[in-house]
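Visitor: What follows is the file query_20.txt, containing compact mmCIF, C-alpha atoms:
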```txt
# COMPACT_ATOMS: atom_id res chain seq x y z
CA MET A 1 -42.50 -7.39 18.05
CA ASN A 2 -46.21 -8.12 17.65
CA SER A 3 -47.78 -6.94 20.90
CA PRO A 4 -51.58 -6.90 21.18
CA ARG A 5 -53.28 -3.52 21.15
CA LEU A 6 -55.96 -2.84 23.72
CA LEU A 7 -58.00 -0.46 25.83
CA ARG A 8 -57.46 0.57 29.46
CA ARG A 9 -60.44 1.93 31.36
CA CYS A 10 -60.05 5.45 32.73
CA LEU A 11 -61.48 4.95 36.23
CA PHE A 12 -61.60 8.66 36.98
CA THR A 13 -63.98 9.38 34.11
CA THR A 14 -65.39 5.90 33.43
CA LEU A 15 -64.13 6.37 29.89
CA SER A 16 -61.55 4.24 28.07
CA ALA A 17 -57.93 5.15 27.41
CA ALA A 18 -56.14 3.16 24.73
CA LEU A 19 -52.75 1.59 25.03
CA VAL A 20 -50.56 0.42 22.21
CA ALA A 21 -47.20 -1.21 21.81
CA THR A 22 -45.06 -0.51 18.78
CA ALA A 23 -41.66 -1.48 17.51
CA ALA A 24 -38.50 -0.34 19.25
CA VAL A 25 -36.44 2.38 17.65
CA THR A 26 -32.83 3.42 17.98
CA PRO A 27 -32.16 6.26 20.45
CA THR A 28 -30.67 9.39 18.97
CA HIS A 29 -29.44 12.28 21.07
CA ALA A 30 -29.79 13.95 24.43
CA ALA A 31 -33.24 15.30 25.23
CA PRO A 32 -33.63 19.06 24.83
CA GLN A 33 -33.84 20.91 28.12
CA PRO A 34 -36.29 23.76 28.62
CA ARG A 35 -34.84 27.25 28.49
CA ALA A 36 -35.26 29.44 31.58
CA ALA A 37 -36.99 26.50 33.23
CA ALA A 38 -39.42 27.19 36.05
CA VAL A 39 -40.75 24.36 38.20
CA ALA A 40 -44.53 24.25 37.84
CA PHE A 41 -45.03 21.00 39.80
CA SER A 42 -42.73 18.91 41.95
CA ASP A 43 -43.19 16.09 44.42
CA THR A 44 -40.22 14.36 46.03
CA PHE A 45 -42.46 12.34 48.36
CA ASP A 46 -40.86 13.40 51.61
CA GLY A 47 -42.71 12.44 54.76
CA PRO A 48 -43.01 9.83 57.48
CA ALA A 49 -43.00 6.18 56.51
CA GLY A 50 -46.50 4.87 56.02
CA SER A 51 -48.10 8.24 55.41
CA GLY A 52 -50.17 9.08 52.37
CA VAL A 53 -49.36 11.30 49.40
CA ASP A 54 -49.81 15.08 49.54
CA SER A 55 -53.55 15.51 49.01
CA SER A 56 -53.02 19.01 47.64
CA LYS A 57 -51.20 17.40 44.69
CA TRP A 58 -52.73 13.94 44.22
CA GLN A 59 -56.02 12.14 44.52
CA THR A 60 -56.46 8.37 44.70
CA GLU A 61 -58.73 6.61 42.23
CA THR A 62 -60.62 3.48 43.25
CA GLY A 63 -62.27 0.60 41.45
CA ASP A 64 -61.63 -2.24 39.03
CA ASN A 65 -61.19 -2.34 35.25
CA VAL A 66 -63.52 -4.49 33.19
CA ASP A 67 -62.70 -2.86 29.83
CA ASN A 68 -59.14 -4.12 29.82
CA HIS A 69 -59.74 -7.24 31.94
CA GLU A 70 -57.16 -6.16 34.49
CA ARG A 71 -57.26 -8.16 37.71
CA GLN A 72 -56.55 -5.54 40.39
CA TYR A 73 -58.82 -3.36 42.51
CA TYR A 74 -57.44 0.14 43.10
CA THR A 75 -57.84 0.84 46.80
CA PRO A 76 -58.20 4.10 48.74
CA GLY A 77 -55.95 5.24 51.58
CA THR A 78 -52.43 4.01 52.21
CA ASP A 79 -52.86 0.24 51.88
CA ASN A 80 -51.34 0.21 48.38
CA ALA A 81 -49.82 3.71 48.02
CA ARG A 82 -47.68 5.17 50.81
CA LEU A 83 -44.47 7.01 51.51
CA ASP A 84 -41.47 4.93 52.62
CA GLY A 85 -39.88 7.63 54.81
CA GLN A 86 -36.84 7.80 52.51
CA GLY A 87 -38.20 10.20 49.91
CA HIS A 88 -40.15 7.71 47.79
CA LEU A 89 -43.74 6.87 47.00
CA VAL A 90 -44.34 3.11 46.92
CA ILE A 91 -47.27 1.87 44.83
CA GLU A 92 -47.65 -1.80 45.69
CA ALA A 93 -49.56 -4.56 43.91
CA ARG A 94 -50.51 -7.45 46.17
CA ARG A 95 -52.16 -10.83 45.77
CA GLU A 96 -54.72 -10.25 48.51
CA ASN A 97 -58.12 -8.71 49.14
CA PRO A 98 -58.70 -7.95 52.83
CA GLY A 99 -61.46 -5.50 51.94
CA ASN A 100 -63.45 -8.15 50.05
CA TYR A 101 -63.53 -5.90 46.98
CA GLN A 102 -65.59 -7.13 44.04
CA CYS A 103 -64.21 -7.02 40.49
CA TRP A 104 -65.70 -7.66 37.06
CA TYR A 105 -64.72 -11.33 37.32
CA GLY A 106 -65.95 -11.86 40.91
CA THR A 107 -64.07 -11.39 44.18
CA CYS A 108 -60.89 -9.47 43.36
CA GLU A 109 -57.65 -11.41 43.55
CA TYR A 110 -55.27 -8.42 43.66
CA THR A 111 -55.10 -4.88 45.01
CA SER A 112 -53.03 -1.93 43.83
CA ALA A 113 -53.22 1.87 43.51
CA ARG A 114 -53.72 4.63 40.96
CA LEU A 115 -53.16 8.37 41.54
CA ASN A 116 -53.88 11.47 39.47
CA THR A 117 -53.65 15.27 39.68
CA SER A 118 -57.00 16.13 38.07
CA GLY A 119 -58.47 19.24 39.64
CA LYS A 120 -55.21 19.89 41.47
CA PHE A 121 -52.58 20.39 38.74
CA THR A 122 -52.58 20.52 34.97
CA ALA A 123 -49.87 21.40 32.49
CA THR A 124 -49.95 22.77 28.96
CA TYR A 125 -46.47 22.17 27.49
CA GLY A 126 -43.21 21.76 29.37
CA HIS A 127 -40.81 19.05 30.44
CA VAL A 128 -42.74 16.31 32.26
CA GLU A 129 -40.71 13.64 34.01
CA ALA A 130 -40.82 10.93 36.63
CA ARG A 131 -37.86 9.14 38.18
CA MET A 132 -39.03 5.64 38.97
CA LYS A 133 -37.94 2.11 39.67
CA ILE A 134 -40.48 -0.12 37.99
CA PRO A 135 -41.53 -3.59 39.15
CA ARG A 136 -40.98 -6.87 37.34
CA GLY A 137 -42.84 -10.06 36.55
CA GLN A 138 -45.34 -11.61 34.17
CA GLY A 139 -48.65 -9.74 34.31
CA ILE A 140 -47.24 -6.61 35.98
CA TRP A 141 -48.02 -3.29 34.22
CA PRO A 142 -46.79 0.10 35.54
CA ALA A 143 -47.57 3.38 33.75
CA PHE A 144 -46.94 7.15 33.94
CA TRP A 145 -49.26 9.07 31.64
CA MET A 146 -51.52 12.10 31.05
CA LEU A 147 -55.10 12.81 29.98
CA GLY A 148 -56.70 16.03 28.74
CA GLN A 149 -58.47 17.78 31.59
CA ASP A 150 -61.55 18.22 29.36
CA ILE A 151 -62.17 14.46 29.18
CA GLY A 152 -65.39 14.82 31.18
CA SER A 153 -66.91 17.12 28.55
CA VAL A 154 -65.40 15.97 25.24
CA GLY A 155 -64.83 12.31 26.05
CA TRP A 156 -61.99 10.03 25.12
CA PRO A 157 -60.17 10.02 22.71
CA ASN A 158 -61.03 13.65 21.89
CA SER A 159 -59.43 14.57 25.21
CA GLY A 160 -56.08 13.23 24.06
CA GLU A 161 -53.75 10.92 25.95
CA ILE A 162 -49.97 11.08 26.33
CA ASP A 163 -48.40 7.87 27.62
CA VAL A 164 -44.99 8.91 28.94
CA MET A 165 -44.02 5.40 30.06
CA GLU A 166 -45.60 1.97 30.05
CA ASN A 167 -44.00 -1.38 30.70
CA VAL A 168 -45.39 -4.89 30.57
CA GLY A 169 -43.63 -7.53 32.61
CA PHE A 170 -42.84 -9.88 29.73
CA GLU A 171 -40.63 -7.10 28.28
CA PRO A 172 -38.27 -6.35 31.20
CA SER A 173 -35.89 -4.31 29.02
CA THR A 174 -38.48 -2.22 27.14
CA VAL A 175 -40.81 0.73 27.79
CA HIS A 176 -43.36 2.32 25.48
CA GLY A 177 -44.44 5.91 24.74
CA THR A 178 -47.67 6.65 22.83
CA ILE A 179 -50.18 9.36 21.93
CA HIS A 180 -53.90 8.81 21.38
CA GLY A 181 -56.51 11.16 19.92
CA PRO A 182 -59.46 11.24 17.52
CA GLY A 183 -58.71 8.93 14.61
CA TYR A 184 -55.54 7.50 16.15
CA SER A 185 -56.69 5.69 19.27
CA GLY A 186 -56.77 2.04 20.23
CA SER A 187 -55.03 0.05 17.54
CA GLY A 188 -54.23 3.33 15.77
CA GLY A 189 -52.32 4.88 18.66
CA ILE A 190 -49.03 6.42 17.56
CA GLY A 191 -45.87 5.59 19.48
CA ALA A 192 -42.59 3.75 19.79
CA ALA A 193 -40.58 1.71 22.25
CA TYR A 194 -37.18 2.12 23.92
CA SER A 195 -35.05 -0.81 25.05
CA LEU A 196 -32.06 -0.86 27.37
CA PRO A 197 -28.85 -2.29 25.86
CA ASP A 198 -27.39 -5.70 26.64
CA GLY A 199 -30.57 -7.13 28.10
CA GLN A 200 -30.60 -4.88 31.14
CA ALA A 201 -33.90 -4.79 33.04
CA PHE A 202 -35.62 -1.53 33.95
CA ALA A 203 -36.56 -3.04 37.33
CA ASP A 204 -32.90 -3.20 38.37
CA ASP A 205 -32.51 0.56 38.95
CA PHE A 206 -34.19 3.96 38.88
CA HIS A 207 -34.71 5.57 35.47
CA THR A 208 -36.10 8.94 34.39
CA PHE A 209 -38.98 8.83 31.91
CA ALA A 210 -39.86 12.14 30.28
CA VAL A 211 -41.56 14.05 27.51
CA ASP A 212 -40.65 17.48 26.19
CA TRP A 213 -43.96 18.92 25.08
CA ALA A 214 -44.35 22.04 22.96
CA PRO A 215 -46.90 23.34 20.45
CA ASP A 216 -47.05 20.79 17.61
CA SER A 217 -44.32 18.57 19.10
CA ILE A 218 -43.89 15.88 21.78
CA THR A 219 -40.50 14.22 22.32
CA TRP A 220 -39.93 11.16 24.54
CA SER A 221 -36.73 10.28 26.37
CA VAL A 222 -35.34 7.79 28.87
CA ASP A 223 -32.50 9.00 31.10
CA GLY A 224 -32.02 11.94 28.72
CA THR A 225 -31.82 9.83 25.56
CA VAL A 226 -34.46 10.74 22.98
CA TYR A 227 -36.18 7.85 21.21
CA GLN A 228 -39.06 9.47 19.34
CA THR A 229 -40.69 12.79 18.40
CA ARG A 230 -44.29 13.15 17.24
CA THR A 231 -45.86 16.11 15.41
CA PRO A 232 -49.14 16.75 13.55
CA ALA A 233 -47.41 15.40 10.44
CA ASP A 234 -47.61 11.91 11.99
CA LEU A 235 -51.40 11.97 12.30
CA GLY A 236 -52.44 11.41 8.69
CA GLY A 237 -54.62 14.51 8.67
CA ASN A 238 -56.28 13.79 12.02
CA GLN A 239 -56.58 16.44 14.72
CA TRP A 240 -53.70 17.25 17.07
CA VAL A 241 -55.35 17.58 20.51
CA PHE A 242 -52.32 18.39 22.66
CA ASP A 243 -52.54 22.19 22.93
CA LYS A 244 -54.52 22.33 26.18
CA PRO A 245 -54.22 21.35 29.87
CA PHE A 246 -53.47 17.74 30.79
CA PHE A 247 -53.31 16.08 34.22
CA LEU A 248 -50.85 13.42 35.42
CA ILE A 249 -51.56 9.78 36.29
CA MET A 250 -49.47 7.01 37.88
CA ASN A 251 -50.70 3.46 38.33
CA LEU A 252 -49.64 -0.15 38.73
CA ALA A 253 -51.97 -2.63 37.05
CA VAL A 254 -52.02 -6.42 37.34
CA GLY A 255 -53.05 -8.53 34.36
CA GLY A 256 -55.07 -7.51 31.33
CA TYR A 257 -55.14 -8.22 27.61
CA TRP A 258 -51.71 -6.74 26.89
CA PRO A 259 -49.51 -8.00 29.76
CA GLY A 260 -51.46 -11.18 30.32
CA ASP A 261 -52.24 -12.48 33.79
CA PRO A 262 -49.67 -13.33 36.46
CA ASP A 263 -48.51 -16.93 36.44
CA GLY A 264 -46.41 -19.24 38.57
CA SER A 265 -43.30 -17.22 37.79
CA THR A 266 -44.76 -13.95 39.13
CA SER A 267 -43.55 -12.91 42.56
CA LEU A 268 -45.89 -10.68 44.57
CA PRO A 269 -46.04 -8.12 46.07
CA GLN A 270 -44.43 -5.92 43.41
CA GLN A 271 -43.62 -2.23 43.85
CA LEU A 272 -43.48 0.81 41.62
CA VAL A 273 -41.12 3.10 43.55
CA VAL A 274 -41.37 6.78 42.60
CA ASP A 275 -38.50 9.07 43.58
CA GLU A 276 -39.76 12.30 41.99
CA VAL A 277 -42.35 13.71 39.64
CA LYS A 278 -41.57 17.12 38.17
CA VAL A 279 -42.97 19.46 35.53
CA THR A 280 -40.93 22.44 34.35
CA THR A 281 -42.02 25.10 31.93
CA SER A 282 -40.13 27.68 29.91
CA ASP A 283 -40.62 30.55 27.50
```
Represent the structure of the file as structure tokens.

Guide:
Amino acid sequence: MNSPRLLRRCLFTTLSAALVATAAVTPTHAAPQPRAAAVAFSDTFDGPAGSGVDSSKWQTETGDNVDNHERQYYTPGTDNARLDGQGHLVIEARRENPGNYQCWYGTCEYTSARLNTSGKFTATYGHVEARMKIPRGQGIWPAFWMLGQDIGSVGWPNSGEIDVMENVGFEPSTVHGTIHGPGYSGSGGIGAAYSLPDGQAFADDFHTFAVDWAPDSITWSVDGTVYQTRTPADLGGNQWVFDKPFFLIMNLAVGGYWPGDPDGSTSLPQQLVVDEVKVTTSD
């Protein structure tokens, strides 16, 4: 698979975060579970239908994304990110712009949402997971990822980035996991892909996307099946920048260099439905 490699703007810091697709690999064994696990962060998104996320855990980012030529405007409030009253967060991408938001290409054609935990929760090591049902369609691009909390002072890519899960709509059966840091960002990002068997689509059901993160090791899994592990040995002598606090990010983008823009086959609105986000730590 020869997917383009590109940059995604980090709206929270106005810096860029790189995204990369790489070849699928064969899954191996069940993901290791933390010993003596203690829940450091959990959100099961319980609350009345139409209400917003817990503001003690999440903040909502706003704006467009010129660096990656995405088409959406991330809105505030509950227009594009709200609870459904059944224990889920729904992040919805729509082909509309009632707020007359302006994007890099003119009047925005789409709205969506992006949430992060910066200033509210960070983790250094542990089992980081999200149980999600991703959307589908050409030009649709959901992601669950992390950035180093020091991004405001050291910049990207020195901050480090851990992409737990990304999907682009033209690959309905495949998700990607990647790390980025100094000397291995952008087209040099290090990662792999995981594909469901028999042409199954991720959008058909909920799946759990996770990393097990320890000093000098990050392991990715889908539904408990490991598909890659990365260590400093993979960096070609470059610096490992994953021994410090990171914050969580969830977003649903529309269009961009990697997924391409929506076309006549794309049905909107599309929803990223999040059942739970949890971080557990151990000794």

Visitor: Hey, could you make a per-residue contact list for range 128-153 of chain A against range 41-46 of chain A with 12 Å as the cut-off, showing the nearest pair of atoms and its distance in Å to one decimal, counting only C-alpha atoms, sorted by chain and number, as JSON lines?

Guide:
```
{"residue": "A:Val128", "atom": "CA", "partner": "A:Phe41", "partner_atom": "CA", "distance": 9.2}
{"residue": "A:Glu129", "atom": "CA", "partner": "A:Ser42", "partner_atom": "CA", "distance": 9.7}
{"residue": "A:Ala130", "atom": "CA", "partner": "A:Asp43", "partner_atom": "CA", "distance": 9.6}
{"residue": "A:Arg131", "atom": "CA", "partner": "A:Thr44", "partner_atom": "CA", "distance": 9.7}
{"residue": "A:Met132", "atom": "CA", "partner": "A:Thr44", "partner_atom": "CA", "distance": 11.3}
```

Visitor: Find the residue from A:Gly99, A:Gly87, A:Gly181, A:Pro172 that sits nearest to Leu235 in chain A; use all atoms listed in the file when measuring.

Guide: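 With all atoms listed in the file as the atom set, the closest residue is A:Gly181.
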
Visitor: What would the list of residues within 8 Å of (-45.6, 2.0, 28.4) (file frame) look like as a PyMOL selection string, if all atoms listed in the file are what count?

Guide: chain A and resi 19+21+142-144+163-168+175-178+193

Visitor: Pick the closest to Gly199 in chain A from A:Trp213, A:Ser173, A:Thr219, A:Thr111: which is it, counting all atoms listed in the file?

Guide: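 Smallest separation from Gly199 in chain A among the options: A:Ser173.
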
Visitor: Using all atoms listed in the file, pick whichever of A:Phe209, A:Tyr125, A:Tyr184, A:Trp240 has the shortest atom-to-atom distance to Thr281 in chain A.

Guide: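 Selected residue with least distance to Thr281 in chain A: A:Tyr125.
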
Visitor: In Å, how far is it from CA of Tyr194 in chain A to CA of Thr174 in chain A?

Guide: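 Straight-line distance from CA of Tyr194 in chain A to CA of Thr174 in chain A works out to 5.6 Å.
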
Visitor: Do you know which residues lie at most 10 Å from (-48.8, -3.3, 36.9), with coordinates as in the file and only C-alpha atoms counted, and could you write them as a PyMOL selection string?

Guide: chain A and resi 70-72+91-93+112-113+134-143+166-169+251-256+259+270-272

Visitor: Tell me which protein, DNA and RNA residues are within 12 Å of Ala49 in chain A, counting only C-alpha atoms, leaving out same-chain ones fewer than 4 positions away, and put them as a VMD selection string.

Guide: chain A and resid 45 53 78 81 to 90

Visitor: Go ahead and compute the interatomic distance for CA of Gln239 in chain A and CA of Met146 in chain A, in Å to one decimal.

Guide: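 CA of Met146 in chain A lies 17.6 Å from CA of Gln239 in chain A.
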
Visitor: Regenerate range 150-161 of chain A at the level of all heavy atoms and dump it as an mmCIF file, keeping the file's coordinate frame.

Guide:
```cif
data_model
loop_
_atom_site.group_PDB
_atom_site.id
_atom_site.type_symbol
_atom_site.label_atom_id
_atom_site.label_comp_id
_atom_site.auth_asym_id
_atom_site.auth_seq_id
_atom_site.Cartn_x
_atom_site.Cartn_y
_atom_site.Cartn_z
ATOM 1 N N ASP A 150 -60.178 18.081 29.865
ATOM 2 C CA ASP A 150 -61.550 18.220 29.360
ATOM 3 C C ASP A 150 -62.203 16.876 29.056
ATOM 4 O O ASP A 150 -63.258 16.827 28.425
ATOM 5 C CB ASP A 150 -61.566 19.113 28.122
ATOM 6 C CG ASP A 150 -60.715 18.561 26.975
ATOM 7 O OD1 ASP A 150 -60.039 17.524 27.165
ATOM 8 O OD2 ASP A 150 -60.719 19.180 25.895
ATOM 9 N N ILE A 151 -61.633 15.774 29.512
ATOM 10 C CA ILE A 151 -62.170 14.460 29.180
ATOM 11 C C ILE A 151 -63.622 14.300 29.608
ATOM 12 O O ILE A 151 -64.413 13.643 28.941
ATOM 13 C CB ILE A 151 -61.287 13.334 29.775
ATOM 14 C CG1 ILE A 151 -61.747 11.964 29.258
ATOM 15 C CG2 ILE A 151 -61.259 13.381 31.301
ATOM 16 C CD1 ILE A 151 -60.770 10.843 29.548
ATOM 17 N N GLY A 152 -64.011 14.933 30.717
ATOM 18 C CA GLY A 152 -65.390 14.820 31.180
ATOM 19 C C GLY A 152 -66.399 15.452 30.247
ATOM 20 O O GLY A 152 -67.564 15.045 30.223
ATOM 21 N N SER A 153 -65.983 16.434 29.447
ATOM 22 C CA SER A 153 -66.910 17.120 28.550
ATOM 23 C C SER A 153 -66.786 16.666 27.098
ATOM 24 O O SER A 153 -67.791 16.593 26.386
ATOM 25 C CB SER A 153 -66.701 18.638 28.629
ATOM 26 O OG SER A 153 -65.370 18.991 28.288
ATOM 27 N N VAL A 154 -65.572 16.358 26.646
ATOM 28 C CA VAL A 154 -65.400 15.970 25.240
ATOM 29 C C VAL A 154 -65.247 14.477 25.052
ATOM 30 O O VAL A 154 -65.333 13.966 23.939
ATOM 31 C CB VAL A 154 -64.201 16.703 24.603
ATOM 32 C CG1 VAL A 154 -64.332 18.203 24.756
ATOM 33 C CG2 VAL A 154 -62.865 16.216 25.177
ATOM 34 N N GLY A 155 -65.002 13.756 26.143
ATOM 35 C CA GLY A 155 -64.830 12.310 26.050
ATOM 36 C C GLY A 155 -63.458 11.916 25.538
ATOM 37 O O GLY A 155 -62.668 12.747 25.088
ATOM 38 N N TRP A 156 -63.222 10.611 25.650
ATOM 39 C CA TRP A 156 -61.990 10.030 25.120
ATOM 40 C C TRP A 156 -62.313 9.355 23.796
ATOM 41 O O TRP A 156 -63.371 8.723 23.691
ATOM 42 C CB TRP A 156 -61.440 9.009 26.131
ATOM 43 C CG TRP A 156 -60.104 8.483 25.756
ATOM 44 C CD1 TRP A 156 -58.898 8.955 26.126
ATOM 45 C CD2 TRP A 156 -59.845 7.366 24.895
ATOM 46 N NE1 TRP A 156 -57.897 8.213 25.553
ATOM 47 C CE2 TRP A 156 -58.457 7.236 24.790
ATOM 48 C CE3 TRP A 156 -60.658 6.478 24.184
ATOM 49 C CZ2 TRP A 156 -57.859 6.240 24.013
ATOM 50 C CZ3 TRP A 156 -60.074 5.493 23.403
ATOM 51 C CH2 TRP A 156 -58.680 5.383 23.333
ATOM 52 N N PRO A 157 -61.534 9.503 22.737
ATOM 53 C CA PRO A 157 -60.170 10.020 22.710
ATOM 54 C C PRO A 157 -60.014 11.503 22.366
ATOM 55 O O PRO A 157 -58.905 11.967 22.186
ATOM 56 C CB PRO A 157 -59.513 9.164 21.624
ATOM 57 C CG PRO A 157 -60.630 8.976 20.624
ATOM 58 C CD PRO A 157 -61.886 8.815 21.465
ATOM 59 N N ASN A 158 -61.152 12.226 22.231
ATOM 60 C CA ASN A 158 -61.030 13.650 21.890
ATOM 61 C C ASN A 158 -60.230 14.419 22.921
ATOM 62 O O ASN A 158 -59.639 15.459 22.610
ATOM 63 C CB ASN A 158 -62.418 14.271 21.734
ATOM 64 C CG ASN A 158 -63.160 13.765 20.511
ATOM 65 O OD1 ASN A 158 -62.541 13.294 19.566
ATOM 66 N ND2 ASN A 158 -64.478 13.856 20.535
ATOM 67 N N SER A 159 -60.207 13.925 24.148
ATOM 68 C CA SER A 159 -59.430 14.570 25.210
ATOM 69 C C SER A 159 -57.935 14.517 24.937
ATOM 70 O O SER A 159 -57.174 15.375 25.386
ATOM 71 C CB SER A 159 -59.701 13.881 26.543
ATOM 72 O OG SER A 159 -59.307 12.512 26.472
ATOM 73 N N GLY A 160 -57.509 13.484 24.222
ATOM 74 C CA GLY A 160 -56.080 13.230 24.060
ATOM 75 C C GLY A 160 -55.510 12.457 25.224
ATOM 76 O O GLY A 160 -55.996 12.542 26.361
ATOM 77 N N GLU A 161 -54.487 11.677 24.934
ATOM 78 C CA GLU A 161 -53.750 10.920 25.950
ATOM 79 C C GLU A 161 -52.287 10.888 25.555
ATOM 80 O O GLU A 161 -51.957 10.634 24.394
ATOM 81 C CB GLU A 161 -54.301 9.494 26.057
ATOM 82 C CG GLU A 161 -53.506 8.607 27.022
ATOM 83 C CD GLU A 161 -54.080 7.201 27.113
ATOM 84 O OE1 GLU A 161 -55.290 7.023 26.856
ATOM 85 O OE2 GLU A 161 -53.314 6.272 27.431
#
```
